[in-house]
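What's in work.txt: compact mmCIF, C-alpha atoms
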# COMPACT_ATOMS: atom_id res chain seq x y z
CA MET A 1428 1.11 34.37 72.07
CA ALA A 1429 4.56 36.04 72.15
CA GLY A 1430 4.95 39.08 69.91
CA GLY A 1431 1.30 39.06 68.85
CA VAL A 1432 -2.30 39.51 69.92
CA ARG A 1433 -3.90 36.67 71.87
CA LYS A 1434 -6.83 35.27 69.90
CA LYS A 1435 -10.14 34.83 71.63
CA SER A 1436 -11.40 31.27 71.71
CA PRO A 1437 -14.95 30.74 70.39
CA GLY A 1438 -16.09 29.68 73.85
CA SER A 1439 -14.55 32.55 75.78
CA PRO A 1440 -16.85 34.89 77.75
CA SER A 1441 -15.99 37.82 75.51
CA ALA A 1442 -16.81 35.84 72.36
CA LEU A 1443 -20.11 34.71 73.87
CA TRP A 1444 -20.90 38.27 74.88
CA GLY A 1445 -20.18 39.38 71.34
CA LYS A 1446 -22.65 36.83 69.95
CA LEU A 1447 -25.32 37.91 72.42
CA LEU A 1448 -24.72 41.56 71.54
CA THR A 1449 -25.08 40.78 67.85
CA LEU A 1450 -28.26 38.84 68.54
CA TRP A 1451 -29.68 41.77 70.51
CA GLN A 1452 -28.84 44.17 67.71
CA ASP A 1453 -30.56 41.84 65.20
CA LYS A 1454 -33.55 41.11 67.44
CA HIS A 1455 -36.04 42.67 65.03
CA THR A 1456 -34.84 40.54 62.13
CA VAL A 1457 -34.41 37.22 63.98
CA PRO A 1458 -37.87 35.88 62.96
CA PHE A 1459 -37.08 36.54 59.29
CA ARG A 1460 -33.50 35.31 58.89
CA THR A 1461 -32.87 31.62 58.28
CA GLU A 1462 -29.53 31.69 60.11
CA TYR A 1463 -31.55 32.03 63.32
CA THR A 1464 -33.67 28.96 62.58
CA PHE A 1465 -31.99 26.87 65.28
CA LEU A 1466 -32.56 29.54 67.93
CA VAL A 1467 -36.23 30.05 67.08
CA VAL A 1468 -37.15 26.36 66.81
CA SER A 1469 -35.36 25.64 70.10
CA VAL A 1470 -37.51 28.21 71.89
CA LEU A 1471 -40.67 26.90 70.22
CA TRP A 1472 -39.82 23.28 71.06
CA PHE A 1473 -39.49 24.01 74.78
CA LEU A 1474 -42.68 26.07 74.60
CA GLU A 1475 -44.42 23.06 73.09
CA ILE A 1476 -43.66 21.00 76.18
CA GLY A 1477 -45.82 23.32 78.23
CA ILE A 1478 -48.51 23.53 75.56
CA ASN A 1479 -48.86 19.75 75.38
CA VAL A 1480 -49.07 19.42 79.16
CA TRP A 1481 -51.73 22.15 79.22
CA VAL A 1482 -53.74 20.49 76.44
CA ILE A 1483 -53.62 17.08 78.15
CA GLN A 1484 -54.63 18.52 81.52
CA LYS A 1485 -57.27 21.03 80.39
CA VAL A 1486 -58.84 19.70 77.19
CA ALA A 1487 -61.08 16.65 77.30
CA TYR A 1488 -59.84 13.47 75.67
CA THR A 1489 -62.09 12.19 72.87
CA GLU A 1490 -62.35 8.45 72.29
CA ILE A 1491 -62.33 7.54 68.59
CA ASP A 1492 -59.94 4.71 67.69
CA TRP A 1493 -57.79 4.02 70.76
CA LYS A 1494 -60.13 1.42 72.26
CA ALA A 1495 -60.45 -0.24 68.86
CA TYR A 1496 -56.65 -0.36 68.56
CA MET A 1497 -56.42 -2.00 71.97
CA ASP A 1498 -59.13 -4.55 71.11
CA GLU A 1499 -57.32 -5.44 67.89
CA VAL A 1500 -53.91 -6.01 69.47
CA GLU A 1501 -55.54 -7.85 72.38
CA GLY A 1502 -56.87 -10.32 69.85
CA VAL A 1503 -53.32 -10.95 68.66
CA ILE A 1504 -52.07 -11.28 72.25
CA ASN A 1505 -54.79 -13.89 72.85
CA GLY A 1506 -53.48 -15.94 69.93
CA THR A 1507 -55.54 -14.83 66.92
CA TYR A 1508 -53.30 -14.41 63.87
CA ASP A 1509 -55.98 -14.48 61.18
CA TYR A 1510 -56.37 -10.82 60.18
CA THR A 1511 -59.95 -11.37 59.07
CA GLU A 1512 -60.90 -12.19 62.66
CA LEU A 1513 -59.20 -9.22 64.32
CA LYS A 1514 -61.72 -6.48 65.00
CA GLY A 1515 -62.36 -3.49 67.23
CA ASP A 1516 -65.30 -1.21 68.00
CA THR A 1517 -64.82 0.74 64.77
CA GLY A 1518 -64.37 -2.24 62.48
CA PRO A 1519 -61.75 -4.77 61.33
CA LEU A 1520 -57.99 -4.35 61.68
CA VAL A 1521 -56.82 -2.63 58.49
CA TYR A 1522 -53.21 -1.71 59.34
CA PRO A 1523 -50.04 -3.69 58.62
CA ALA A 1524 -48.19 -5.75 61.21
CA GLY A 1525 -45.85 -2.99 62.43
CA PHE A 1526 -48.90 -1.28 63.88
CA VAL A 1527 -49.72 -4.43 65.86
CA TYR A 1528 -46.27 -4.66 67.44
CA ILE A 1529 -45.98 -0.98 68.35
CA PHE A 1530 -49.46 -0.75 69.80
CA THR A 1531 -48.97 -4.03 71.66
CA VAL A 1532 -46.12 -2.33 73.49
CA LEU A 1533 -48.42 0.62 74.21
CA TYR A 1534 -51.10 -1.85 75.35
CA TYR A 1535 -48.82 -3.19 78.08
CA ILE A 1536 -47.34 0.17 79.07
CA THR A 1537 -50.82 1.67 79.54
CA SER A 1538 -52.20 -1.23 81.61
CA ARG A 1539 -54.00 -2.91 78.72
CA GLY A 1540 -54.98 0.42 77.23
CA VAL A 1541 -56.87 1.60 80.30
CA ASN A 1542 -54.42 4.32 81.40
CA ILE A 1543 -55.43 6.93 78.86
CA ARG A 1544 -53.58 9.76 80.58
CA LEU A 1545 -50.28 7.90 80.34
CA ALA A 1546 -50.99 7.17 76.67
CA GLN A 1547 -51.54 10.89 76.09
CA TYR A 1548 -48.16 11.73 77.57
CA ILE A 1549 -46.52 9.05 75.43
CA PHE A 1550 -48.09 10.61 72.36
CA ALA A 1551 -46.94 14.02 73.56
CA ALA A 1552 -43.42 12.57 73.52
CA PHE A 1553 -44.07 11.32 69.98
CA TYR A 1554 -45.16 14.84 69.07
CA LEU A 1555 -42.00 16.41 70.50
CA ILE A 1556 -39.78 13.84 68.76
CA THR A 1557 -41.58 14.53 65.49
CA LEU A 1558 -40.97 18.26 65.93
CA LEU A 1559 -37.27 17.66 66.55
CA LEU A 1560 -37.02 15.63 63.35
CA VAL A 1561 -39.00 18.18 61.34
CA PHE A 1562 -37.07 21.15 62.73
CA ARG A 1563 -33.79 19.44 61.87
CA ILE A 1564 -34.93 19.16 58.24
CA TYR A 1565 -35.83 22.85 58.15
CA HIS A 1566 -32.58 23.82 59.89
CA ARG A 1567 -30.56 21.87 57.32
CA THR A 1568 -32.40 23.21 54.27
CA LYS A 1569 -32.84 26.84 55.42
CA LYS A 1570 -35.66 27.60 53.02
CA VAL A 1571 -38.31 28.87 55.42
CA PRO A 1572 -38.10 32.03 57.59
CA PRO A 1573 -38.15 31.17 61.31
CA TYR A 1574 -41.39 32.98 62.17
CA VAL A 1575 -43.29 30.42 60.08
CA PHE A 1576 -42.42 27.68 62.56
CA PHE A 1577 -44.88 29.18 65.00
CA PHE A 1578 -47.59 28.00 62.60
CA VAL A 1579 -45.86 24.61 62.27
CA CYS A 1580 -46.34 23.84 65.94
CA CYS A 1581 -47.97 26.17 68.44
CA ALA A 1582 -50.84 27.49 66.30
CA SER A 1583 -52.41 24.23 65.07
CA TYR A 1584 -55.24 22.95 67.25
CA ARG A 1585 -55.96 20.05 64.90
CA ILE A 1586 -52.44 18.61 65.03
CA HIS A 1587 -52.30 18.72 68.83
CA SER A 1588 -55.68 17.04 68.86
CA ILE A 1589 -54.55 14.26 66.50
CA PHE A 1590 -51.55 13.49 68.70
CA VAL A 1591 -52.61 13.89 72.33
CA LEU A 1592 -56.43 14.03 72.31
CA ARG A 1593 -57.20 11.29 69.76
CA LEU A 1594 -54.15 8.97 69.92
CA PHE A 1595 -54.32 7.98 66.26
CA ASN A 1596 -51.69 5.75 64.66
CA ASP A 1597 -51.03 8.30 61.89
CA PRO A 1598 -48.58 10.35 64.04
CA VAL A 1599 -46.54 7.23 64.81
CA ALA A 1600 -46.14 6.47 61.10
CA MET A 1601 -45.16 10.06 60.32
CA MET A 1602 -42.66 10.21 63.19
CA LEU A 1603 -40.87 7.20 61.68
CA LEU A 1604 -41.11 8.73 58.20
CA PHE A 1605 -39.44 11.98 59.26
CA ALA A 1606 -36.71 9.95 60.98
CA ALA A 1607 -36.14 8.17 57.66
CA VAL A 1608 -35.95 11.50 55.79
CA ASN A 1609 -33.28 12.70 58.23
CA LEU A 1610 -31.29 9.55 57.55
CA PHE A 1611 -31.60 10.07 53.79
CA MET A 1612 -30.31 13.62 54.19
CA ASP A 1613 -27.32 12.29 56.14
CA GLY A 1614 -26.58 9.75 53.40
CA HIS A 1615 -27.61 6.69 55.44
CA TRP A 1616 -29.72 5.21 52.66
CA THR A 1617 -29.89 1.61 53.83
CA LEU A 1618 -30.89 2.49 57.38
CA GLY A 1619 -33.28 5.10 56.04
CA CYS A 1620 -34.99 2.56 53.77
CA GLY A 1621 -35.35 0.21 56.72
CA LEU A 1622 -36.99 2.88 58.82
CA TYR A 1623 -39.16 3.94 55.89
CA SER A 1624 -40.43 0.37 55.54
CA LEU A 1625 -41.17 0.31 59.27
CA ALA A 1626 -43.24 3.49 58.84
CA VAL A 1627 -45.19 1.81 56.03
CA SER A 1628 -45.85 -1.12 58.35
CA VAL A 1629 -47.66 1.22 60.75
CA LYS A 1630 -49.87 2.83 58.13
CA MET A 1631 -49.58 2.56 54.37
CA ASN A 1632 -50.22 6.25 53.68
CA VAL A 1633 -46.41 6.53 53.85
CA LEU A 1634 -46.40 4.85 50.43
CA LEU A 1635 -47.28 8.27 49.01
CA PHE A 1636 -43.60 9.14 49.46
CA ALA A 1637 -42.55 6.02 47.53
CA PRO A 1638 -42.49 7.47 43.96
CA GLY A 1639 -40.14 10.26 45.01
CA LEU A 1640 -38.00 7.88 47.05
CA LEU A 1641 -37.72 5.42 44.16
CA LEU A 1642 -36.56 8.18 41.83
CA LEU A 1643 -33.97 9.33 44.38
CA LEU A 1644 -32.66 5.79 44.83
CA LEU A 1645 -32.36 5.26 41.09
CA SER A 1646 -30.65 8.61 40.68
CA GLU A 1647 -28.23 7.95 43.54
CA PHE A 1648 -27.42 4.28 42.98
CA GLY A 1649 -28.69 3.19 39.58
CA LEU A 1650 -30.99 0.24 38.97
CA ILE A 1651 -28.71 -2.59 40.09
CA ARG A 1652 -27.69 -1.01 43.41
CA THR A 1653 -31.25 0.12 44.10
CA ILE A 1654 -32.53 -3.46 44.11
CA PRO A 1655 -30.95 -4.34 47.50
CA LYS A 1656 -32.59 -1.26 49.07
CA LEU A 1657 -36.00 -2.30 47.73
CA THR A 1658 -35.36 -5.88 48.81
CA LEU A 1659 -34.64 -4.68 52.33
CA CYS A 1660 -37.98 -2.85 52.42
CA ALA A 1661 -39.79 -5.97 51.21
CA VAL A 1662 -37.99 -8.29 53.65
CA ILE A 1663 -38.93 -6.07 56.59
CA GLN A 1664 -42.58 -6.22 55.55
CA LEU A 1665 -42.33 -9.99 55.15
CA LEU A 1666 -40.72 -10.56 58.54
CA LEU A 1667 -43.14 -8.29 60.38
CA GLY A 1668 -46.14 -9.90 58.73
CA LEU A 1669 -44.86 -13.48 58.87
CA PRO A 1670 -47.03 -14.76 61.77
CA PHE A 1671 -50.12 -13.45 60.01
CA LEU A 1672 -49.03 -14.55 56.54
CA LEU A 1673 -48.51 -18.11 57.78
CA GLU A 1674 -52.02 -18.14 59.24
CA ASN A 1675 -53.95 -16.52 56.38
CA PRO A 1676 -51.82 -14.81 53.70
CA VAL A 1677 -54.74 -13.63 51.60
CA GLY A 1678 -56.55 -12.29 54.65
CA TYR A 1679 -53.48 -10.38 55.82
CA MET A 1680 -52.69 -8.80 52.43
CA SER A 1681 -56.31 -7.90 51.71
CA GLN A 1682 -56.83 -6.31 55.12
CA ALA A 1683 -53.47 -4.65 55.80
CA PHE A 1684 -52.89 -3.34 52.28
CA ASP A 1685 -56.41 -2.75 51.01
CA LEU A 1686 -55.91 -0.04 48.38
CA GLY A 1687 -59.57 -0.15 47.38
CA ARG A 1688 -61.10 0.39 50.81
CA GLN A 1689 -64.29 2.46 50.68
CA PHE A 1690 -64.39 5.61 52.78
CA MET A 1691 -67.49 7.05 54.44
CA PHE A 1692 -68.83 10.28 52.98
CA LYS A 1693 -69.68 11.78 56.38
CA TRP A 1694 -65.98 11.97 57.32
CA THR A 1695 -64.59 13.47 54.13
CA VAL A 1696 -62.73 16.76 54.41
CA ASN A 1697 -61.90 17.28 50.73
CA TRP A 1698 -64.93 16.15 48.71
CA ARG A 1699 -67.90 17.49 50.69
CA PHE A 1700 -69.17 19.52 47.71
CA LEU A 1701 -69.75 16.35 45.67
CA PRO A 1702 -72.98 14.35 45.78
CA GLU A 1703 -72.52 11.19 47.81
CA TRP A 1704 -73.21 8.88 44.87
CA LEU A 1705 -70.32 10.41 42.93
CA PHE A 1706 -68.03 10.29 45.97
CA LEU A 1707 -68.66 6.54 46.22
CA ASN A 1708 -68.45 5.91 42.46
CA ARG A 1709 -65.62 3.59 41.43
CA TYR A 1710 -65.15 5.38 38.10
CA PHE A 1711 -64.49 8.59 40.01
CA HIS A 1712 -61.88 6.74 42.06
CA PHE A 1713 -60.21 5.43 38.90
CA LEU A 1714 -60.20 8.95 37.46
CA LEU A 1715 -58.45 10.31 40.57
CA LEU A 1716 -55.92 7.48 40.41
CA ALA A 1717 -55.24 8.15 36.75
CA VAL A 1718 -54.71 11.88 37.34
CA HIS A 1719 -52.52 11.09 40.34
CA LEU A 1720 -50.30 8.77 38.32
CA LEU A 1721 -50.18 11.17 35.38
CA THR A 1722 -49.12 14.05 37.63
CA LEU A 1723 -46.40 11.91 39.21
CA LEU A 1724 -45.18 10.90 35.76
CA LEU A 1725 -45.04 14.51 34.58
CA PHE A 1726 -43.10 15.60 37.65
CA ALA A 1727 -40.74 12.62 37.35
CA ILE A 1728 -40.02 13.30 33.67
CA ARG A 1729 -40.03 17.09 33.56
CA ARG A 1730 -39.31 18.32 37.08
CA TRP A 1731 -37.69 15.80 39.39
CA LYS A 1732 -34.24 16.07 37.84
CA ARG A 1733 -32.02 17.12 40.71
CA ASN A 1734 -31.03 14.61 43.37
CA SER A 1735 -29.85 17.59 45.43
CA GLN A 1736 -33.48 18.56 45.91
CA MET A 1737 -34.10 15.44 47.98
CA VAL A 1738 -36.54 16.83 50.53
CA LEU A 1739 -38.53 18.72 47.92
CA ILE A 1740 -38.94 15.58 45.81
CA LEU A 1741 -40.07 13.48 48.77
CA PHE A 1742 -42.47 16.08 50.13
CA SER A 1743 -43.95 16.91 46.73
CA SER A 1744 -44.46 13.21 45.97
CA ASN A 1745 -46.54 12.89 49.12
CA PHE A 1746 -48.37 16.16 48.45
CA ILE A 1747 -49.43 15.06 44.96
CA GLY A 1748 -50.98 11.98 46.52
CA MET A 1749 -52.87 14.14 49.00
CA CYS A 1750 -54.22 16.34 46.20
CA PHE A 1751 -55.86 13.42 44.43
CA SER A 1752 -56.89 11.32 47.42
CA ARG A 1753 -60.28 9.61 47.25
CA SER A 1754 -60.99 11.02 50.68
CA LEU A 1755 -59.15 12.83 53.44
CA HIS A 1756 -60.26 12.28 57.02
CA TYR A 1757 -59.39 14.67 59.82
CA GLN A 1758 -56.49 12.64 61.20
CA PHE A 1759 -54.93 12.57 57.72
CA TYR A 1760 -53.92 16.20 58.18
CA VAL A 1761 -50.74 15.01 59.88
CA TRP A 1762 -49.73 13.25 56.65
CA TYR A 1763 -48.57 16.56 55.16
CA PHE A 1764 -49.01 19.29 57.76
CA HIS A 1765 -45.33 19.61 58.67
CA THR A 1766 -44.28 19.64 55.00
CA LEU A 1767 -46.55 22.49 53.87
CA PRO A 1768 -44.25 25.42 54.75
CA PHE A 1769 -41.36 23.74 52.95
CA LEU A 1770 -43.51 23.25 49.85
CA LEU A 1771 -44.84 26.81 49.90
CA TRP A 1772 -41.44 28.44 50.36
CA SER A 1773 -39.93 26.19 47.68
CA GLY A 1774 -42.45 27.31 45.07
CA GLY A 1775 -41.35 28.87 41.81
CA VAL A 1776 -43.61 31.94 41.89
CA LYS A 1777 -41.29 34.77 42.93
CA LYS A 1778 -44.08 37.29 43.29
CA MET A 1779 -45.88 35.19 45.90
CA GLY A 1780 -45.13 37.11 49.07
CA ASP A 1781 -44.81 35.68 52.55
CA LEU A 1782 -48.19 37.11 53.50
CA LEU A 1783 -49.93 35.11 50.77
CA ARG A 1784 -48.07 31.97 51.80
CA VAL A 1785 -49.15 32.41 55.41
CA LEU A 1786 -52.70 33.06 54.22
CA ILE A 1787 -52.68 29.75 52.33
CA LEU A 1788 -51.45 27.97 55.46
CA GLY A 1789 -54.25 29.64 57.42
CA LEU A 1790 -56.93 28.62 54.91
CA ILE A 1791 -55.71 25.03 54.93
CA GLU A 1792 -55.76 25.00 58.73
CA LEU A 1793 -59.28 26.46 58.71
CA SER A 1794 -60.46 23.82 56.23
CA TRP A 1795 -59.16 21.02 58.43
CA ASN A 1796 -60.69 22.58 61.54
CA THR A 1797 -64.15 22.94 60.03
CA TYR A 1798 -66.29 20.13 61.44
CA PRO A 1799 -68.32 18.86 59.83
CA SER A 1800 -66.75 19.91 56.56
CA THR A 1801 -68.77 22.13 54.25
CA ASN A 1802 -68.87 22.76 50.52
CA GLY A 1803 -66.88 25.92 51.12
CA SER A 1804 -64.20 24.36 53.33
CA SER A 1805 -63.63 21.50 50.88
CA ALA A 1806 -63.48 23.87 47.91
CA ALA A 1807 -61.04 26.16 49.74
CA LEU A 1808 -58.80 23.19 50.48
CA HIS A 1809 -58.69 22.21 46.81
CA VAL A 1810 -57.93 25.78 45.74
CA CYS A 1811 -55.01 25.93 48.18
CA HIS A 1812 -53.77 22.55 46.96
CA LEU A 1813 -53.96 23.70 43.35
CA ILE A 1814 -51.97 26.87 44.08
CA ILE A 1815 -49.24 24.89 45.85
CA LEU A 1816 -49.14 22.29 43.08
CA LEU A 1817 -48.75 24.96 40.40
CA CYS A 1818 -46.00 26.62 42.41
CA LEU A 1819 -44.20 23.28 42.72
CA TRP A 1820 -44.41 22.79 38.97
CA LEU A 1821 -42.73 26.17 38.52
CA ALA A 1822 -40.14 25.46 41.21
CA TRP A 1823 -37.68 23.51 39.01
CA PRO A 1824 -34.89 23.82 38.15
CA LEU A 1825 -33.57 25.24 41.40
CA PRO A 1826 -29.99 25.69 42.57
CA ALA A 1827 -28.73 22.93 44.81
CA ALA A 1828 -29.17 23.56 48.50
CA PRO A 1829 -25.78 22.95 50.13
CA GLU A 1830 -27.27 22.29 53.55
CA GLU A 1831 -29.42 19.55 52.10
CA THR A 1832 -26.63 17.72 50.30
CA GLN A 1833 -23.77 18.26 52.70
CA GLU A 1834 -22.20 14.98 53.77
CA PRO A 1835 -20.34 15.20 57.07
CA GLU A 1836 -18.58 11.89 56.42
CA PRO A 1837 -16.83 10.51 53.31
CA VAL A 1838 -19.13 9.29 50.54
CA LYS A 1839 -17.61 5.85 50.83
CA ASP A 1840 -19.10 5.46 54.31
CA LYS A 1841 -22.46 6.95 53.40
CA ARG A 1842 -23.63 5.31 50.20
CA GLN A 1843 -24.67 2.09 51.87
This entry written out as structure tokens:
Amino acid sequence: MAGGVRKKSPGSPSALWGKLLTLWQDKHTVPFRTEYTFLVVSVLWFLEIGINVWVIQKVAYTEIDWKAYMDEVEGVINGTYDYTELKGDTGPLVYPAGFVYIFTVLYYITSRGVNIRLAQYIFAAFYLITLLLVFRIYHRTKKVPPYVFFFVCCASYRIHSIFVLRLFNDPVAMMLLFAAVNLFMDGHWTLGCGLYSLAVSVKMNVLLFAPGLLLLLLSEFGLIRTIPKLTLCAVIQLLLGLPFLLENPVGYMSQAFDLGRQFMFKWTVNWRFLPEWLFLNRYFHFLLLAVHLLTLLLFAIRRWKRNSQMVLILFSSNFIGMCFSRSLHYQFYVWYFHTLPFLLWSGGVKKMGDLLRVLILGLIELSWNTYPSTNGSSAALHVCHLIILLCLWLAWPLPAAPEETQEPEPVKDKRQ
């Protein structure tokens, strides 16, 4: 530039060298500074590729539900649309229709479910996609120091097992859920609601996010403009379930959305310290439901005030449901695992240091890795849940997080 100093373009070698030099100078603080979140999660994500390949190749696959899934969708392929007649080795089909369609595709890709190794690699891809979606949420919100993400991915044996050694449907539902959360953060509410409904159609545990989502929709759009979003969710469920509803509507609704299904005591992670008769008691179930609803109501009235705290509202809504669940089985860990750091680092207790937060994550991981569960592991899990819940209660009001509410496009294009 004549008569002046030539400015260095951001992509010039000297500018790049300057960034690398700054990074080298800050190398000791990189794991603790949220501005380096993208760098850290990128390294961890590529590391996870190798970890998943190693796990698939070196750790034995354990058959639990995959064969049952394949038997159930094979029944549909053979022309059975009555849900009461669709069964597998582990019992009747108890998942909504979206599960049937997705696992039918997997049935054909894996040579009628026989090619287990290929299925494992597909679920490894699901795992990596889920991490991308989760890391994008953390990158946008910048609440959690980067070193914590090591515990979000590489350090959890149970989560790797749920994805690539067990092939449960829970990870598929959660992958779709995190995709929906990303769309909500970007302001794509209609598309996000559609994807959310699809996640529910794989497994209805995703309904635990529904109270928080409903509040956000009402806050963002008001009652009248929320109705089309809810209608879209309902229509998707109707269309997916239509072949089964036409055959036996009562059978489909009672099987796919059975809210009163009884769980087996031998698999419980969270209530091992109870006598089995109490665990199976319907009055105990009603008590848990009542406390669950009361806690949601209290949070909705006294705490969930800020639409700018979108992710915190969604994640805490799900977490409250986990706290008061009638039973948690081992694969249910994936329902909230990736949200735990966000909840812990969003808590309102300022004196809770990072070491204590990491300790809580470690105790939760230990509880879920204790098989069979013990009185101590179940009690420890409840103590950790209680601490997080109390911290969430103290977390509001919080200042708005600009990364969470930033809209890259005009509002007119987003509020759809």
Q: Tell me which of A:Tyr1710, A:Tyr1798, A:Tyr1763, A:Phe1530 sits closest to Phe1550 of chain A, counting only C-alpha atoms.
A: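 Closest to Phe1550 of chain A, using only C-alpha atoms: A:Phe1530.
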Q: May I ask which of the residues A:Thr1517, A:Leu1471, A:Glu1703, A:Leu1808 is the closest one to Phe1578 of chain A, counting all atoms listed in the file?
A: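 Between A:Thr1517, A:Leu1471, A:Glu1703, A:Leu1808, the residue approaching Phe1578 of chain A most closely is A:Leu1471.
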Q: Could you give me, as a VMD selection string, the residues within 12 Å of Phe1692 of chain A, counting all atoms listed in the file and dropping anything in the same chain fewer than 4 positions from it?
A: chain A and resid 1696 to 1708 1753 to 1756 1799 to 1801
Just the selected residues (C-alpha atoms), exported as a CSV table (one decimal), in the coordinates of the input, please.
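Saved result, out_34.csv, follows:
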chain,number,residue,atom,x,y,z
A,1696,VAL,CA,-62.7,16.8,54.4
A,1697,ASN,CA,-61.9,17.3,50.7
A,1698,TRP,CA,-64.9,16.2,48.7
A,1699,ARG,CA,-67.9,17.5,50.7
A,1700,PHE,CA,-69.2,19.5,47.7
A,1701,LEU,CA,-69.8,16.4,45.7
A,1702,PRO,CA,-73.0,14.4,45.8
A,1703,GLU,CA,-72.5,11.2,47.8
A,1704,TRP,CA,-73.2,8.9,44.9
A,1705,LEU,CA,-70.3,10.4,42.9
A,1706,PHE,CA,-68.0,10.3,46.0
A,1707,LEU,CA,-68.7,6.5,46.2
A,1708,ASN,CA,-68.4,5.9,42.5
A,1753,ARG,CA,-60.3,9.6,47.2
A,1754,SER,CA,-61.0,11.0,50.7
A,1755,LEU,CA,-59.2,12.8,53.4
A,1756,HIS,CA,-60.3,12.3,57.0
A,1799,PRO,CA,-68.3,18.9,59.8
A,1800,SER,CA,-66.8,19.9,56.6
A,1801,THR,CA,-68.8,22.1,54.2
Q | From A:Tyr1508, A:Phe1726, A:Trp1772, A:Phe1759, residue lying nearest Leu1741 of chain A [only C-alpha atoms] | A | A:Phe1726
Q: In Å, rounded to a single decimal, give me how far atom CA of Pro1670 of chain A is from atom CA of Pro1655 of chain A.
A: 23.9 Å
Q: May I ask for the distance between atom CA of Val1482 of chain A and atom CA of Phe1590 of chain A, given in Å to one decimal place?
A: 10.7 Å
Q. Which polymer residues, protein or nucleic acid, are no farther than 12 Å from (-56.5, 15.9, 80.3), counting only C-alpha atoms, as a ChimeraX atom specification?
A. /A:1479-1489,1542-1548,1551,1588,1591-1593
Q: Compare A:Ile1478, A:Ile1586, A:Ala1524, A:Val1470 by their minimum atom-to-atom distance to Val1761 of chain A, counting all atoms listed in the file, and give me the closest one.
A: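 Closest candidate: A:Ile1586.
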Q) Which one of A:Ser1624, A:Ser1744, A:Ser1538, A:Ser1583 sits closest to Val1662 of chain A if you count only C-alpha atoms? A)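 Smallest distance to Val1662 of chain A is found for A:Ser1624.
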Enumerate, as a compact mmCIF listing (two decimals) with C-alpha atoms, in the frame of the given file, the protein, DNA and RNA residues whose atoms approach (-44.3, -6.7, 53.0) to within 10 Å, taking into account all atoms listed in the file and the coordinate frame of the file.
# COMPACT_ATOMS: atom_id res chain seq x y z
CA PRO A 1523 -50.04 -3.69 58.62
CA ALA A 1524 -48.19 -5.75 61.21
CA SER A 1624 -40.43 0.37 55.54
CA LEU A 1625 -41.17 0.31 59.27
CA VAL A 1627 -45.19 1.81 56.03
CA SER A 1628 -45.85 -1.12 58.35
CA THR A 1658 -35.36 -5.88 48.81
CA LEU A 1659 -34.64 -4.68 52.33
CA CYS A 1660 -37.98 -2.85 52.42
CA ALA A 1661 -39.79 -5.97 51.21
CA VAL A 1662 -37.99 -8.29 53.65
CA ILE A 1663 -38.93 -6.07 56.59
CA GLN A 1664 -42.58 -6.22 55.55
CA LEU A 1665 -42.33 -9.99 55.15
CA LEU A 1666 -40.72 -10.56 58.54
CA LEU A 1667 -43.14 -8.29 60.38
CA GLY A 1668 -46.14 -9.90 58.73
CA LEU A 1669 -44.86 -13.48 58.87
CA LEU A 1672 -49.03 -14.55 56.54
CA MET A 1680 -52.69 -8.80 52.43
CA ALA A 1683 -53.47 -4.65 55.80
CA PHE A 1684 -52.89 -3.34 52.28
(Q) Could you tell me how far atom CA of Leu1771 of chain A sits from atom CA of Tyr1584 of chain A, in Å to one decimal place? (A)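 Separation between atom CA of Tyr1584 of chain A and atom CA of Leu1771 of chain A: 20.6 Å.
Residue nearest Leu1641 of chain A within the list A:Tyr1565, A:Phe1605, A:Tyr1496, A:Tyr1623: A:Tyr1623 [criterion: smallest interatomic distance, all atoms listed in the file].
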